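**Student:** Please see the structure below; I have some questions.
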Number of protein chains: 2
Amino acid sequence: DFDPNADAKRNKIWQLMEYYLGPDVGSIQRGIVNHVEYTLAATRFSFATEECYRATAFSIRDRLIETFNDTNEFFTAKDVKRCYYLSLEFLLGRAMQNALVNLDIEPNYKKALADIGYNLEELYEHEHDPALGNGGLGRLAACFLDSMATLNYAVWGYGIRYTYGIFEQKIVEGRQVEHPDYWLVTANPWEIERPDVTYAVRFYGHVDTYKDDKGRERHRWTGGEIVQAMAYDNPIPGFDTYNTINLRLWKACPGKEFDFHAFNRGQFLDAVKERQRAEYISAVLYPNDNTWEGKELRLKQQYFFVCATIQDCLRRFKKKEGRSWDELPSKVCFQLNDTHPTIAIPEMMRLLIDIEGLDWDKAWDLTRQCFNYTNHTVLPEALEKWPAHLIEKLLPRHLLLINDINYKFLCEVRESWGDVGEKLSKMSIYQEGYEKMIRMANMAVIGSNKVNGVAAIHSELVKKDLFPEFVDYYKAKGQPDKFVNVTNGVTPRRWIHCANRGLSNLFSEWLGSDSWLKELTMLQGLVNHLDSTELQKQWADVKKQNKVKLTKWIKLNCDIDLDPENMLFDIQVKRIHEYKRQLINCFYIIHRYFKLKKMSPGDRDKQVKRACLIGGKAAPGYAVAKTIIKLCNNIGLVLNNDPDTSKYLKCVFMPNYNVSNAQTIIPASDISQHISTAGTEASGTSNMKFVMNGGLIVGTMDGANVEIREECGEDTMFIFGALEPEVAGIREKAKNGNYPISAELREVMDAIVSGKFSLGDGEAHSEFVGLIEKIRNNGGGYNGDFYILCHDFPSYCKANEQVDALYKDQTNWIKTSIKAAASMGKFTTDRSIKEYGQIIWKLEDAERPAPDQSPM
Amino acid sequence: DFDPNADAKRNKIWQLMEYYLGPDVGSIQRGIVNHVEYTLAATRFSFATEECYRATAFSIRDRLIETFNDTNEFFTAKDVKRCYYLSLEFLLGRAMQNALVNLDIEPNYKKALADIGYNLEELYEHEHDPALGNGGLGRLAACFLDSMATLNYAVWGYGIRYTYGIFEQKIVEGRQVEHPDYWLVTANPWEIERPDVTYAVRFYGHVDTYKDDKGRERHRWTGGEIVQAMAYDNPIPGFDTYNTINLRLWKACPGKEFDFHAFNRGQFLDAVKERQRAEYISAVLYPNDNTWEGKELRLKQQYFFVCATIQDCLRRFKKKEGRSWDELPSKVCFQLNDTHPTIAIPEMMRLLIDIEGLDWDKAWDLTRQCFNYTNHTVLPEALEKWPAHLIEKLLPRHLLLINDINYKFLCEVRESWGDVGEKLSKMSIYQEGYEKMIRMANMAVIGSNKVNGVAAIHSELVKKDLFPEFVDYYKAKGQPDKFVNVTNGVTPRRWIHCANRGLSNLFSEWLGSDSWLKELTMLQGLVNHLDSTELQKQWADVKKQNKVKLTKWIKLNCDIDLDPENMLFDIQVKRIHEYKRQLINCFYIIHRYFKLKKMSPGDRDKQVKRACLIGGKAAPGYAVAKTIIKLCNNIGLVLNNDPDTSKYLKCVFMPNYNVSNAQTIIPASDISQHISTAGTEASGTSNMKFVMNGGLIVGTMDGANVEIREECGEDTMFIFGALEPEVAGIREKAKNGNYPISAELREVMDAIVSGKFSLGDGEAHSEFVGLIEKIRNNGGGYNGDFYILCHDFPSYCKANEQVDALYKDQTNWIKTSIKAAASMGKFTTDRSIKEYGQIIWKLEDAERPAPDQSPM
């Protein structure tokens, strides 16, 4: 039906849409109040703070949508190269303040709300943390998104919209109790539901072979179950730019495709029930950090999100008319955040070969150019290996493709190197044995253009310990730079400007502007003022205020009183894991307690007062980690109630460590603990956040600590413990019984075993004893202290003594703290993402110009 | 924190909210386009019809919210008496057109959309029917809501927000295949989510007894499982009024209350999964019509919605300060739509006694005054009886209360009547036997103020057959009018004005205004013009256009060609049920086919051409009903492909009969079939819709047919079959073998049994034979033809012959059709609801005055 007025009508719509919402206080108020009335359908009689939070969120969403849509249009019009960041976890934290800061309208919102009787900071506290991640890996992805948007890169994140994020941790009788985190109780204003963006995802079924009209043998995957992936977009605004990028998360829905035969007569209700189970695929985030759980559902999650994502990205690529597949690597690349999305590699092959009809070699050539892989850990328990029979059952077509990929790759190697049996078997995707396993890391390396680690020391270990054969092979093939390092970072927008406004204001005042928020190396300018007593005073004041705030938080959440004026705040917050060694921290706290107990009251008064604050979640199935939480709480009960010492030493387990709590905790630290056994922590990023916020590190030569020390200077960090190259030898010696335990540590262990911290709880006692006896059990070929706590304990105590010594000299302490913070320029994710953009993704700056329309 | 400016700030909010959206074309366009941009986050580049539908829906929602909120405020301010209509089903049908018509802005929306290139009628088709009902009972509730709003009654509906409504029926190889009706694929603009309106609902657990501080014995129900009911509000705008009322539907969510012990270590994922099962309570509507399914989940649904509802209503009652419980009956009443919500009676007792602390007698006195019960059927298979042990397990406190209620009631009866054993056992809530059963209807009668049937004949049967003892008892107690009749109706806004705009315009033209839409008896005015050839011509034209529209629908959905110019459209649409006797219709179609086959071509040409159109869903577990669908489809295959006769007789099974299809089907009928065995159909309401739309009835003296005939005249209806008082005798005779089958019917049956309609399908054949043989099997104490098809068949044929005779005289036919339609004034739900309001609920008119603010 041709309508001669179609253009005029279309123009009318365009005119109606070309206005922007005004940034002025009046427009903001009208927007909020309209959302109260029309979106929430609340009346002026029931307009409580919760409604005000939700309406304000919706009004910010309106503004995000404007810039989000315009950015997408700009990317499409310019046909820019795009990168897709695939991650099973995005630990975003709260959105409201971040959005206002990045959209540069926080002050106007503050005023608009104050004017009608609401406090913006109070509203911030109404937002439920979207906690779709376990720890460092997910939080890194979130910081990366902030920098990608800020740097005007055309990157989108892709992941899963879990109905339940990481559990909420409550402490009941000193133990972790997990509560489900049902963060979607109310409509989430920060996401855009996309019912029109759905893809079918198949599981199970079988593969048919047939000849196509050109006589080529082709494969068709049919049968099985089909679920639908529906997109939810989460706009990610850049800072000081008009760009807003996207985090697209998939929700699993019952398939639209329909199996008639499943619906037998009278079984309708059961069949509906069965269909609904599809939703379980995206129901829960697996709550394990740095430990892999080989459950079928986990593999389903991986394939589910990867399948929808690759389909979505290829659809976008194909949208432009006249595309040749040869253009793909110049327009599309993927970053695999750890091996979790590695099934994307055979999925890409499947789509290119089975659906698009490309030849195998062409498809493989394109695939290898498009993918890149970030390794996040060298811990053996975290390396993903899936039983081949499970993949065969769940993804029969992919197993065939994996076999082809592996066979052709091994043939190539054999061509270059000859039949180097052991090397070949290490490079094979298959791990042979009673149960054949698919090594996802090997597949990721073989299918990728670049492979990177996340800190200098870690990237070396990746090459040296994990993939030495691959490194040699690719070097020989003329790809010496396939393995690279990109050191992690954090975004200073959230971790300084939002979390520590006092410090942010101080920085801007002393540096003359807030440009440091985009150019973090400018912080170095503070070093010029190191001797300014005014700066030192301001610095100390900011820290004091943050400690007061945390003290209130601890009073509220733990009902424990701290003394922010006089106590050194010593913080260790991170997932509870043996390799992170919360236990050596506990040992030291007990040791310090015993030392205090033995002192005269007069001597005690000369000691630095210390509050030891520990927080973090344990995987629900990780018994040892949960015992450590219980021990920590029991130590607190003993110490905090001992009238002799509690003034000088307290121990608190802070419950439910998450992003928003971190924003209160981190700025309050005097020292923080990053004390993993050398060679186990890939990078760590909270270490960076602490130092930027004026805290000093007690740490090992591990992960990013090494580079932080390089940047800030040896005098800014309290380093202890074995170096990475020494660790293997220490373990070897321990196995042979050559493993001394210091008298101080023996005293601590004996006390624990004697029940001093069991408080009459038999179950806890036997757990504590088990913990200690395992560590003590060395020799005779066995090394119970795998993470060498006993070896590192004496130097750890020394490091802590150095802390006390420096802290007694407050001026020196403050200067050291300023110097360290000012030297953290390297550790912004802006720097990390620039390196990814230039070295790995080859992306251009795609900055959207300022909109030229005048506001409505 | 006292803020001296709090009032000024609050005023500012009020001022910002006191404007209304303008009804002009420009405001409407801005509203739609804003929703495209900000609610859907679509750009002008992706603004397809689906987006336009959704944005238009959101813009109408904005207007509904204005009138909804203002009406609620008015009710609250006036402290009006409220009635709550409790129903497990509300078969609303599409909302968009209804809202525009009732808000009186359809023309402006039409223009606003045309202006930007969209057709309003096309948008209507984008709405997914909310089909939260099976058939008549649910649709009645929906028509009632429309009249309640229109009559300015302060009534709210309460029910369940099923995730899956009644299944979508597809016909595959002539058989019904059920598809899940996932109507919530996209955010539903017609509902308002109320995350702040939630109630805890307990299941299982146990009852503790304790003494309160006054020394009274009290009960506390604890333990078990807790799920959360969350409210979703569906605004129901009245026609030609500023009132908009509410249909509040509950969704089941995982409980907020938390059972620590369920979360054992490592079982976190399973525990989350378990919790999610709570949602299954509101997942699916039971797809049975007039048949009760005794599943635990069904009982859970009933208690779930009733528990949340009574809590919500009592909370509203208590909101006003200084209330005395004595006021309750003058401020609150409940209408139980069938026995499904009867557990509300003991729930009210529980809340008043256990939670509010009232004494038993006071609580019972208030409860009995507040509740009223509508009976919808006398079919034994539809009468709810729950095993006492199931109620004890699921609702232990309620079983105790039921016992008390029953014991005290029987004591009362015994006091009046003495020990009248059999009568007492019929009046008891308990049905004794091997498995003790709770009779919900008895509980509803005992706990209610009024009990009503839904048509004159039905209300008599309720008294005569179901509750004769109760009628006697209450008469003796001075309550002769406890049992009353309220004849059903339908809303002319949806069923004439929306469904048949041509006829609506005709009515308004000939009656001088559209006032008939609120005062349906005004239609009688048409009778003055019965002899006007202009009216007759217009009448015939409207019918023709509607038949053309349905012909297109059938071509699209069934790929069968009809001849709307020359064929009489004979329609039977309703749930497939033996008592509704679709089978006798099939028999007649076959008979008519045989008659035609036997005729010479010349004789055939003299016959009235007929299209027999049948539609309706069968319960998925109801095998006989599904066989009837298959038979009907096979008859169609034989007839429609017979070159001798297909020009004269066609048979079509129309798939997926639902509200919006009904709006196309009903206006196209020449005759419609309402042919239940006398005494089985309580009322029927589609009979009313058909006659209002100018179709005549072929029917039995059953349900509302009786009253329609009274109103319209005997000459307007083709009545046949046994009368209700005769039926029992006929069955009795049949049991004794005295049951003649006419030669015509025998021919039909023999043909079916011979396989003429089996088309080589062995399974279908054996089902058809089973159907016939059962009906033929009478005598020897057995009556296989319970619904007396054989008895009624000859008179049914005669009625059909009368149809043909009258149809041949088109002028007379049209006059009869006009006369019948013009006489339907009684059958508006406005009349029904006025009767409920005056006789049962004692409600006042609560009309909100016109808003005095000028539009924005």
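Going by the structure tokens order, chains are called A, B, ..., each with residues numbered from 1, while ligands are numbered from 1 in the order shown.
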Pick out each residue of segment 526-743 of chain A that DSSP on the backbone tags as helix (DSSP H, G or I); I need them as JSON, numbers by chain.
**Tutor:** {"A": [526, 527, 528, 529, 533, 534, 535, 536, 537, 538, 539, 540, 541, 542, 543, 544, 545, 546, 547, 548, 549, 550, 551, 552, 553, 554, 555, 556, 557, 558, 578, 579, 580, 582, 583, 584, 585, 586, 587, 588, 589, 590, 591, 592, 593, 594, 595, 596, 597, 598, 601, 602, 603, 604, 605, 623, 624, 625, 626, 627, 628, 629, 630, 631, 632, 633, 634, 635, 636, 637, 638, 639, 640, 659, 660, 661, 662, 663, 664, 665, 666, 667, 668, 686, 687, 688, 689, 690, 691, 692, 705, 706, 707, 708, 709, 710, 711, 712, 714, 715, 716, 724, 725, 726, 727, 728, 729, 730, 731, 732, 733, 734, 735, 743]}
**Student:** Would you kindly report the residues of chain A within 7 Å of chain B, using only C-alpha atoms, as a ChimeraX atom specification?
**Tutor:** /A:6,9-10,12-14,16-17,30,33,38,41,43-44,62,65,69,115-117,180,186,195,265-266,268,272,620-621
**Student:** If DSSP is run on the backbone, what residues of segment 596-667 of chain A are strand (DSSP E)? A reply as a list in words would be ideal.
**Tutor:**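 Strand (DSSP E) assignments inside segment 596-667 of chain A correspond to Lys609, Arg610, Ala611, Cys612, Leu613, Ile614, Gly615, Leu649, Lys650, Cys651, Val652, Phe653 and Met654 of chain A.
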**Student:** Could those selected residues go to a file with N, CA, C and O atoms, as a compact mmCIF listing (two decimals), in the first residue's frame?
**Tutor:**
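Below you can see selection-v2.txt, which holds the result:
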```
# COMPACT_ATOMS: atom_id res chain seq x y z
N LYS A 609 47.32 1.13 68.24
CA LYS A 609 46.04 0.45 68.36
C LYS A 609 45.59 0.01 66.97
O LYS A 609 45.71 0.78 66.02
N ARG A 610 45.06 -1.19 66.88
CA ARG A 610 44.74 -1.68 65.54
C ARG A 610 43.34 -2.32 65.50
O ARG A 610 42.96 -3.05 66.40
N ALA A 611 42.58 -1.99 64.47
CA ALA A 611 41.31 -2.68 64.20
C ALA A 611 41.54 -3.56 62.97
O ALA A 611 41.86 -3.05 61.90
N CYS A 612 41.44 -4.86 63.17
CA CYS A 612 41.65 -5.80 62.06
C CYS A 612 40.29 -6.16 61.48
O CYS A 612 39.48 -6.81 62.15
N LEU A 613 40.07 -5.73 60.27
CA LEU A 613 38.74 -5.88 59.66
C LEU A 613 38.86 -6.85 58.48
O LEU A 613 39.65 -6.62 57.56
N ILE A 614 38.08 -7.89 58.53
CA ILE A 614 38.13 -8.90 57.47
C ILE A 614 36.72 -9.05 56.89
O ILE A 614 35.73 -8.98 57.62
N GLY A 615 36.65 -9.22 55.58
CA GLY A 615 35.35 -9.44 54.96
C GLY A 615 35.51 -10.23 53.68
O GLY A 615 36.59 -10.26 53.08
N LEU A 649 43.23 -3.74 70.42
CA LEU A 649 43.15 -4.65 69.28
C LEU A 649 41.74 -5.19 69.16
O LEU A 649 41.23 -5.79 70.11
N LYS A 650 41.15 -4.95 68.01
CA LYS A 650 39.84 -5.53 67.77
C LYS A 650 39.87 -6.30 66.46
O LYS A 650 40.70 -6.03 65.58
N CYS A 651 38.95 -7.23 66.35
CA CYS A 651 38.86 -8.02 65.13
C CYS A 651 37.39 -8.08 64.75
O CYS A 651 36.53 -8.44 65.57
N VAL A 652 37.09 -7.73 63.51
CA VAL A 652 35.69 -7.71 63.06
C VAL A 652 35.58 -8.44 61.73
O VAL A 652 36.36 -8.19 60.80
N PHE A 653 34.60 -9.33 61.64
CA PHE A 653 34.27 -9.87 60.33
C PHE A 653 33.12 -9.04 59.77
O PHE A 653 32.02 -9.04 60.33
N MET A 654 33.37 -8.35 58.68
CA MET A 654 32.34 -7.47 58.08
C MET A 654 31.51 -8.30 57.10
O MET A 654 32.04 -8.84 56.13
```
**Student:** Please indicate the distance in Å from atom CA of Leu394 of chain B to atom CA of Ile429 of chain B, rounded to one decimal place.
**Tutor:** 17.9 Å
**Student:** Find the residues near Tyr85 of chain B: any atom within 8 Å, counting only C-alpha atoms, skip ones fewer than 6 places away on the same chain, and give them as a PyMOL selection string.
**Tutor:** chain B and resi 155-158+334-337
**Student:** Could you save the residues just selected, with all heavy atoms, as a compact mmCIF listing (two decimals), in the first residue's frame?
**Tutor:**
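What ended up in out-v1.txt:
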```txt
# COMPACT_ATOMS: atom_id res chain seq x y z
N VAL B 155 -16.41 -1.06 43.59
CA VAL B 155 -16.12 -2.50 43.61
C VAL B 155 -14.72 -2.71 43.03
O VAL B 155 -14.34 -2.03 42.07
CB VAL B 155 -17.13 -3.28 42.74
CG1 VAL B 155 -16.95 -4.78 42.96
CG2 VAL B 155 -18.55 -2.87 43.04
N TRP B 156 -13.97 -3.61 43.62
CA TRP B 156 -12.72 -4.06 43.01
C TRP B 156 -12.83 -5.56 42.75
O TRP B 156 -13.39 -6.29 43.57
CB TRP B 156 -11.53 -3.84 43.96
CG TRP B 156 -10.93 -2.48 43.93
CD1 TRP B 156 -11.49 -1.33 43.48
CD2 TRP B 156 -9.62 -2.13 44.40
NE1 TRP B 156 -10.62 -0.29 43.63
CE2 TRP B 156 -9.46 -0.74 44.20
CE3 TRP B 156 -8.57 -2.84 44.98
CZ2 TRP B 156 -8.29 -0.06 44.56
CZ3 TRP B 156 -7.41 -2.17 45.34
CH2 TRP B 156 -7.27 -0.78 45.12
N GLY B 157 -12.26 -6.00 41.66
CA GLY B 157 -12.11 -7.43 41.42
C GLY B 157 -10.80 -7.92 42.01
O GLY B 157 -9.84 -7.17 42.12
N TYR B 158 -10.78 -9.17 42.43
CA TYR B 158 -9.55 -9.80 42.93
C TYR B 158 -9.40 -11.18 42.31
O TYR B 158 -10.38 -11.95 42.28
CB TYR B 158 -9.61 -9.97 44.45
CG TYR B 158 -9.16 -8.75 45.22
CD1 TYR B 158 -10.07 -7.85 45.73
CD2 TYR B 158 -7.80 -8.52 45.44
CE1 TYR B 158 -9.66 -6.73 46.46
CE2 TYR B 158 -7.37 -7.41 46.16
CZ TYR B 158 -8.29 -6.52 46.66
OH TYR B 158 -7.87 -5.43 47.38
N PHE B 334 -18.07 -9.04 50.27
CA PHE B 334 -17.38 -9.88 49.30
C PHE B 334 -18.40 -10.67 48.49
O PHE B 334 -19.38 -11.17 49.06
CB PHE B 334 -16.46 -10.90 50.01
CG PHE B 334 -15.37 -10.26 50.80
CD1 PHE B 334 -15.52 -10.04 52.16
CD2 PHE B 334 -14.18 -9.89 50.18
CE1 PHE B 334 -14.50 -9.44 52.90
CE2 PHE B 334 -13.17 -9.29 50.91
CZ PHE B 334 -13.32 -9.07 52.28
N GLN B 335 -18.14 -10.79 47.21
CA GLN B 335 -18.95 -11.67 46.38
C GLN B 335 -18.07 -12.83 45.95
O GLN B 335 -17.03 -12.62 45.32
CB GLN B 335 -19.48 -10.91 45.16
CG GLN B 335 -20.51 -11.68 44.36
CD GLN B 335 -21.82 -11.87 45.12
OE1 GLN B 335 -22.26 -10.97 45.83
NE2 GLN B 335 -22.41 -13.05 45.02
N LEU B 336 -18.47 -14.06 46.28
CA LEU B 336 -17.72 -15.24 45.87
C LEU B 336 -18.24 -15.71 44.52
O LEU B 336 -19.41 -16.13 44.41
CB LEU B 336 -17.87 -16.36 46.90
CG LEU B 336 -17.51 -16.00 48.35
CD1 LEU B 336 -17.83 -17.17 49.29
CD2 LEU B 336 -16.03 -15.63 48.45
N ASN B 337 -17.40 -15.62 43.50
CA ASN B 337 -17.82 -16.03 42.17
C ASN B 337 -17.64 -17.54 42.07
O ASN B 337 -16.54 -18.02 41.78
CB ASN B 337 -17.01 -15.29 41.10
CG ASN B 337 -17.65 -15.43 39.72
OD1 ASN B 337 -18.86 -15.62 39.60
ND2 ASN B 337 -16.84 -15.32 38.68
```
**Student:** State, in Å with one decimal place, the distance from atom CA of Ile840 of chain A to atom CA of Glu469 of chain A.
**Tutor:** 21.7 Å
**Student:** With only C-alpha atoms as the basis for distance, which of A:Asp338, A:Asp213, A:Asp208, A:Asp104 is at the shortest distance from Leu400 of chain A?
**Tutor:** A:Asp208
**Student:** Quick one: residues within 8 Å of Asp670 of chain A, only C-alpha atoms counted, chain neighbours fewer than 6 positions away excluded, as a VMD selection string?
**Tutor:** chain A and resid 568 to 571 694 to 696
**Student:** How would the residues just picked look written out with all heavy atoms as a compact mmCIF listing (two decimals), in the first residue's frame?
**Tutor:**
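What follows is the written file selection-v3.txt:
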```txt
# COMPACT_ATOMS: atom_id res chain seq x y z
N LEU A 568 44.51 2.18 64.02
CA LEU A 568 44.92 1.94 62.64
C LEU A 568 43.92 0.94 62.06
O LEU A 568 43.63 -0.10 62.68
CB LEU A 568 46.33 1.36 62.63
CG LEU A 568 46.96 0.99 61.30
CD1 LEU A 568 48.48 1.07 61.41
CD2 LEU A 568 46.59 -0.42 60.85
N PHE A 569 43.34 1.26 60.92
CA PHE A 569 42.37 0.35 60.30
C PHE A 569 43.11 -0.55 59.31
O PHE A 569 43.64 -0.08 58.30
CB PHE A 569 41.27 1.14 59.58
CG PHE A 569 40.15 1.62 60.48
CD1 PHE A 569 40.34 1.73 61.85
CD2 PHE A 569 38.89 1.95 59.96
CE1 PHE A 569 39.30 2.17 62.69
CE2 PHE A 569 37.86 2.38 60.78
CZ PHE A 569 38.07 2.50 62.15
N ASP A 570 43.10 -1.83 59.65
CA ASP A 570 43.84 -2.84 58.88
C ASP A 570 42.78 -3.73 58.21
O ASP A 570 42.00 -4.39 58.89
CB ASP A 570 44.70 -3.63 59.88
CG ASP A 570 45.26 -4.92 59.32
OD1 ASP A 570 44.97 -5.26 58.14
OD2 ASP A 570 45.98 -5.61 60.07
N ILE A 571 42.72 -3.71 56.90
CA ILE A 571 41.57 -4.32 56.21
C ILE A 571 42.01 -5.41 55.23
O ILE A 571 42.94 -5.23 54.44
CB ILE A 571 40.78 -3.22 55.45
CG1 ILE A 571 40.29 -2.16 56.44
CG2 ILE A 571 39.61 -3.83 54.68
CD1 ILE A 571 39.49 -1.04 55.82
N GLY A 694 44.59 6.09 49.52
CA GLY A 694 45.46 6.51 50.62
C GLY A 694 45.75 5.42 51.64
O GLY A 694 46.17 5.72 52.75
N GLY A 695 45.52 4.18 51.29
CA GLY A 695 45.91 3.09 52.20
C GLY A 695 47.20 2.47 51.71
O GLY A 695 47.49 2.48 50.52
N LEU A 696 47.97 1.93 52.64
CA LEU A 696 49.22 1.27 52.25
C LEU A 696 49.03 -0.24 52.24
O LEU A 696 48.12 -0.76 52.91
CB LEU A 696 50.36 1.66 53.19
CG LEU A 696 50.66 3.17 53.21
CD1 LEU A 696 51.81 3.47 54.18
CD2 LEU A 696 51.02 3.68 51.80
```
**Student:** Do you know which residues are at most 10 Å from Lys549 of chain B counting only C-alpha atoms, after dropping those on the same chain fewer than 2 positions away, and could you put them as number ranges by chain?
**Tutor:** B: 543-547, 551-555, 564, 664-665, 667-668
**Student:** Identify, on the basis of only C-alpha atoms, every residue whose closest approach to Tyr242 of chain B does not exceed 10 Å; exclude the query and any residue fewer than 5 positions from it along the same chain; express the result as a VMD selection string.
**Tutor:** chain B and resid 67 to 68 70 to 71 102 to 103 149 to 150 152 237 847 to 851
**Student:** Could you name the residues that touch Ser823 of chain A at 6 Å or less, counting only C-alpha atoms, but leaving out those on the same chain fewer than 6 positions away, as a list in words?
**Tutor:**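 What passes the distance filter is Gln524, Glu711 and Cys712 of chain A.
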**Student:** With N, CA, C and O atoms retained, write the just-selected residues as a PDB file, in the first residue's frame.
**Tutor:**
```pdb
ATOM      1  N   GLN A 524      50.385  12.436  39.978  1.00  0.00           N
ATOM      2  CA  GLN A 524      51.797  12.597  40.320  1.00  0.00           C
ATOM      3  C   GLN A 524      52.093  14.038  40.761  1.00  0.00           C
ATOM      4  O   GLN A 524      52.995  14.276  41.561  1.00  0.00           O
ATOM      5  N   GLU A 711      55.848   1.248  40.878  1.00  0.00           N
ATOM      6  CA  GLU A 711      55.393   2.613  40.612  1.00  0.00           C
ATOM      7  C   GLU A 711      55.547   3.513  41.828  1.00  0.00           C
ATOM      8  O   GLU A 711      55.942   4.661  41.697  1.00  0.00           O
ATOM      9  N   CYS A 712      55.181   2.980  42.992  1.00  0.00           N
ATOM     10  CA  CYS A 712      55.080   3.832  44.184  1.00  0.00           C
ATOM     11  C   CYS A 712      56.378   3.893  44.972  1.00  0.00           C
ATOM     12  O   CYS A 712      56.568   4.796  45.782  1.00  0.00           O
TER      13      CYS A 712
END
```
**Student:** Report, in Å to a single decimal, how far apart atom CA of Ile576 of chain A and atom CA of Lys735 of chain A are.
**Tutor:** 25.8 Å
